[in-house]
Structure formats: structure tokens, C-alpha cells
Amino acid sequence: MARTGAGGGSRAGTGGRSRAGTGGGSSVGTATGGGGRVKAARRPEVRLPPLEPYGGGGLEPDGDHDGLEFDGSDLSGQDGGGARFMDCALSACVLDGTRLHRARLLDSVLTGIRGVGTDLAEATLRDVELVDARLGGTQLHGAVLERVLVRGGKIDFLNLRQARLRDVVFQGCVLIEPDFAGARLERVEFVDCALKAADFTAATLRDVDLRGATELGIAGGLDRLSGAVIDTGQLLDLAPVLAAELGIRVED
């Protein structure tokens with residue numbers, strides 16, 4: 001198999017004005033507040049081998065899944081805690097209430113999955129593509145995401161508290177009230193992505209590029225954005241929220 005390893009406070013948001021996104025994997029040339037250049041995220045390049053169809057039978061805790069294709073499988077309510085998925089494709093699968101606590105998803109592609117309350121707490125996602133997902137209340141707190149691309153789809157109430165994100169790209173998707181509280185984000189990009197009521201309370205950001213966000217709404221943690229880069233228009237949009245955060249009274 002050939003594979004290339006590429007490299008809360010008061011709710012207040014900004015308007016949803018259109019903005020051109022940033023490029024894919026090239027370095028960004030605009031300086032950050034610290035005087036350096038924001039580093040671009042390394043995207044996954046997953047090349048799957050010929051896959052065997054998943055034979056069913058249900059997930060099991062600590063199970064081992066290698067080179068399998070899950071096509072339209074309904075995995076609702078199943079327990080795959082601690083399981084490993086290596087070189088797998090999950091297409092149009094249903095993950096309502098599926099328990100994947102501490103699971104490991106490696107070199108895999110998830111396309112068109114949907115689910116409510118999927119438990120991926122403390123899971124590891126490395127070299128993973130998540131495409132056109134429709135998810136709600138997904139638990140990823142304490143998880144580790146490295147070289148992950150989230151492209152398209154809509155995710156409501158994504159819980160990434162205390163998670164570690166490194167080389168992660170959110171592209172062309174809608175994130176409603178994502179919770180990054182206490183998370184560590186390094187080389188994370190939002191490209192043509194709507195970010196609504198995001199919470200960055202106690203988060204640590206480094207080389208986080210928000211300039212490509214078509215909508216940027218911050219519900220908490222404005223004081224934690226020192227490691228992020230935004231554009232001039234976004235700064236103007238955020239000005240009222242920043243003034244309120246700093247206790248500045250604005251009068252005409």
C-alpha cells in the first residue's frame with residue numbers, strides 16, 4: 001500500500017460576511033502579532049489500499065479493524081471503546097450514540113457519516129479525512145487530532161475541551177457552538193468555514209489562522225486569541241466584543 005504522510009461568558013458574535021479563504025498547504029505570508037509568520041497546517045494525504053467489506057457482527061471494545069470498508073453500516077449504540085481503525089473507509093454510516101471512547105482512527109477516511117451523541121472522548125485521530133459529516137453533540141474532549149481534514153458538512157455542539165489539535169484544517173464546513181475550552185491548538189486553519197459562537201476559554205493557540213472563516217463568532221475566550229491571526233475586516237467585526245471584554249465604553 002502506498003501512503004504519503006504529508007506534511008461561558010456572554011454570547012456575542014460577528015456577522016456572517018463572505019470572505020475568500022486561504023490557500024491549502026502553502027505557508028501564509030502575513031505576520032502574526034508576535035512578528036513571526038503563521039505556519040500552515042500539514043494536511044493528511046490518505047491513500048487507502050484495496051479494502052475488504054465489513055462483515056458486520058457489531059463493534060467490540062478494543063477491537064482491531066484493518067483495511068475494512070464500512071459502507072452504510074448502522075453502528076448506533078454499539079461499543080467500540082479502545083478499538084483501532086487502520087486504513088479504513090466509513091461511508092454513510094450512522095453513529096448515533098456510538099461509543100468510541102479512546103478509539104484510534106489512523107490513515108482513514110470518513111465520508112457522509114451522521115450521528116448524535118457520538119462518543120470519541122480521548123480518542124486519537126491521525127491522518128484522517130472527515131468529509132460531509134452531519135454530527136451533533138460529538139464528544140471529542142481530551143482527544144488528540146493530528147493531520148486531520150474536516151471538509152464540508154455541519155457539526156453542532158462539538159466538544160473539544162482539553163483536546164490537542166495539531167495540523168488540523170476545517171474547510172467549507174459549519175461549526176455551531178464548538179467548545180475549545182482548555183484545548184491546545186497548533187497549526188489549525190479555518191478555510192471557508194463558518195465558526196458560530198465558538199468558546200476558546202482557557203485555550204492555548206499557536207499558529208491558528210482564522211482569516212478564511214466566512215463567519216467568526218466568539219462566545220468566550222477572546223483573551224486567549226493571542227496565538228491566532230485574523231484579517232482587518234474581522235478585527236472591525238470583533239471591535240464591539242473586544243471593547244466590552246476590556247470594559248471600554250464607546251459613545252458617539
# chains A, B, ... in the order shown; residues from 1 in each chain; ligands from 1
>>> select_by_dssp(residues="segment 3-224 of chain A", states="strand (DSSP E or B)", output="VMD selection string")
chain A and resid 4 31 37 45 52 to 53 64 to 66 68 to 71 74 79 84 to 86 89 to 91 94 99 104 to 111 114 to 116 119 124 to 136 139 144 to 156 159 164 to 171 174 to 176 179 184 to 199 204 to 220
>>> closest_residue(among="A:Arg151, A:Arg249, A:Arg161, A:Lys39", to="Val229 of chain A", atoms="only C-alpha atoms")
A:Lys39
>>> residues_around(residues="Phe170 of chain A", least_positions_apart="5", cutoff="10 Å", atoms="only C-alpha atoms", output="PyMOL selection string")
chain A and resi 130+148-152+175+188-195+212-213
>>> write_last_selection(atoms="N, CA and C atoms", output="PDB file, in the first residue's frame")
ATOM      1  N   LEU A 130     -12.359  13.727   7.291  1.00  0.00           N
ATOM      2  CA  LEU A 130     -13.774  13.665   7.652  1.00  0.00           C
ATOM      3  C   LEU A 130     -14.520  14.558   6.671  1.00  0.00           C
ATOM      4  N   VAL A 148      -5.483  16.216  10.460  1.00  0.00           N
ATOM      5  CA  VAL A 148      -6.895  15.905  10.243  1.00  0.00           C
ATOM      6  C   VAL A 148      -7.506  16.988   9.370  1.00  0.00           C
ATOM      7  N   LEU A 149      -8.266  16.580   8.362  1.00  0.00           N
ATOM      8  CA  LEU A 149      -9.002  17.495   7.495  1.00  0.00           C
ATOM      9  C   LEU A 149     -10.495  17.262   7.687  1.00  0.00           C
ATOM     10  N   VAL A 150     -11.209  18.304   8.105  1.00  0.00           N
ATOM     11  CA  VAL A 150     -12.666  18.263   8.211  1.00  0.00           C
ATOM     12  C   VAL A 150     -13.202  19.111   7.067  1.00  0.00           C
ATOM     13  N   ARG A 151     -13.776  18.474   6.054  1.00  0.00           N
ATOM     14  CA  ARG A 151     -14.195  19.195   4.850  1.00  0.00           C
ATOM     15  C   ARG A 151     -15.693  19.023   4.611  1.00  0.00           C
ATOM     16  N   GLY A 152     -16.396  20.156   4.513  1.00  0.00           N
ATOM     17  CA  GLY A 152     -17.823  20.119   4.255  1.00  0.00           C
ATOM     18  C   GLY A 152     -18.610  19.651   5.468  1.00  0.00           C
ATOM     19  N   LEU A 175     -19.559  25.047  11.829  1.00  0.00           N
ATOM     20  CA  LEU A 175     -19.371  24.619  13.217  1.00  0.00           C
ATOM     21  C   LEU A 175     -20.217  25.516  14.101  1.00  0.00           C
ATOM     22  N   VAL A 188      -3.627  25.291  13.141  1.00  0.00           N
ATOM     23  CA  VAL A 188      -5.029  24.978  12.841  1.00  0.00           C
ATOM     24  C   VAL A 188      -5.563  26.063  11.922  1.00  0.00           C
ATOM     25  N   GLU A 189      -6.239  25.669  10.853  1.00  0.00           N
ATOM     26  CA  GLU A 189      -6.755  26.618   9.867  1.00  0.00           C
ATOM     27  C   GLU A 189      -8.269  26.462   9.725  1.00  0.00           C
ATOM     28  N   PHE A 190      -8.935  27.601   9.528  1.00  0.00           N
ATOM     29  CA  PHE A 190     -10.363  27.624   9.219  1.00  0.00           C
ATOM     30  C   PHE A 190     -10.496  28.253   7.835  1.00  0.00           C
ATOM     31  N   VAL A 191     -10.874  27.449   6.857  1.00  0.00           N
ATOM     32  CA  VAL A 191     -10.901  27.869   5.453  1.00  0.00           C
ATOM     33  C   VAL A 191     -12.334  27.791   4.936  1.00  0.00           C
ATOM     34  N   ASP A 192     -12.891  28.952   4.518  1.00  0.00           N
ATOM     35  CA  ASP A 192     -14.279  28.988   4.030  1.00  0.00           C
ATOM     36  C   ASP A 192     -15.210  28.278   5.003  1.00  0.00           C
ATOM     37  N   CYS A 193     -14.988  28.511   6.282  1.00  0.00           N
ATOM     38  CA  CYS A 193     -15.693  27.789   7.335  1.00  0.00           C
ATOM     39  C   CYS A 193     -16.455  28.783   8.197  1.00  0.00           C
ATOM     40  N   ALA A 194     -17.709  28.469   8.518  1.00  0.00           N
ATOM     41  CA  ALA A 194     -18.494  29.303   9.424  1.00  0.00           C
ATOM     42  C   ALA A 194     -18.277  28.822  10.852  1.00  0.00           C
ATOM     43  N   LEU A 195     -17.790  29.726  11.688  1.00  0.00           N
ATOM     44  CA  LEU A 195     -17.479  29.415  13.078  1.00  0.00           C
ATOM     45  C   LEU A 195     -18.431  30.242  13.937  1.00  0.00           C
ATOM     46  N   GLY A 212      -9.641  32.801   7.008  1.00  0.00           N
ATOM     47  CA  GLY A 212     -10.504  32.219   5.992  1.00  0.00           C
ATOM     48  C   GLY A 212     -11.910  31.943   6.471  1.00  0.00           C
ATOM     49  N   ALA A 213     -12.216  32.243   7.730  1.00  0.00           N
ATOM     50  CA  ALA A 213     -13.560  31.997   8.249  1.00  0.00           C
ATOM     51  C   ALA A 213     -14.555  32.939   7.586  1.00  0.00           C
TER      52      ALA A 213
END
>>> residues_around(residues="Asp96 of chain A", least_positions_apart="5", cutoff="8 Å", atoms="only C-alpha atoms", output="count of residues only")
8
>>> closest_atom_pairs(of="segment 77-186 of chain A", to="segment 67-70 of chain A", cutoff="7 Å", atoms="only C-alpha atoms", output="JSON lines")
{"residue": "A:Met86", "atom": "CA", "partner": "A:Gly67", "partner_atom": "CA", "distance": 6.3}
{"residue": "A:Asp87", "atom": "CA", "partner": "A:Gly67", "partner_atom": "CA", "distance": 4.8}
{"residue": "A:Cys88", "atom": "CA", "partner": "A:Leu68", "partner_atom": "CA", "distance": 4.9}
{"residue": "A:Ala89", "atom": "CA", "partner": "A:Glu69", "partner_atom": "CA", "distance": 4.8}
{"residue": "A:Leu90", "atom": "CA", "partner": "A:Phe70", "partner_atom": "CA", "distance": 4.6}
{"residue": "A:Ser91", "atom": "CA", "partner": "A:Phe70", "partner_atom": "CA", "distance": 6.1}
>>> residues_around(residues="Arg84 of chain A", least_positions_apart="3", cutoff="12 Å", atoms="only C-alpha atoms", output="count of residues only")
27
>>> select_by_dssp(residues="segment 16-247 of chain A", states="helix (DSSP H, G or I)", output="NGL selection string")
:A and (222-227 or 232-246)
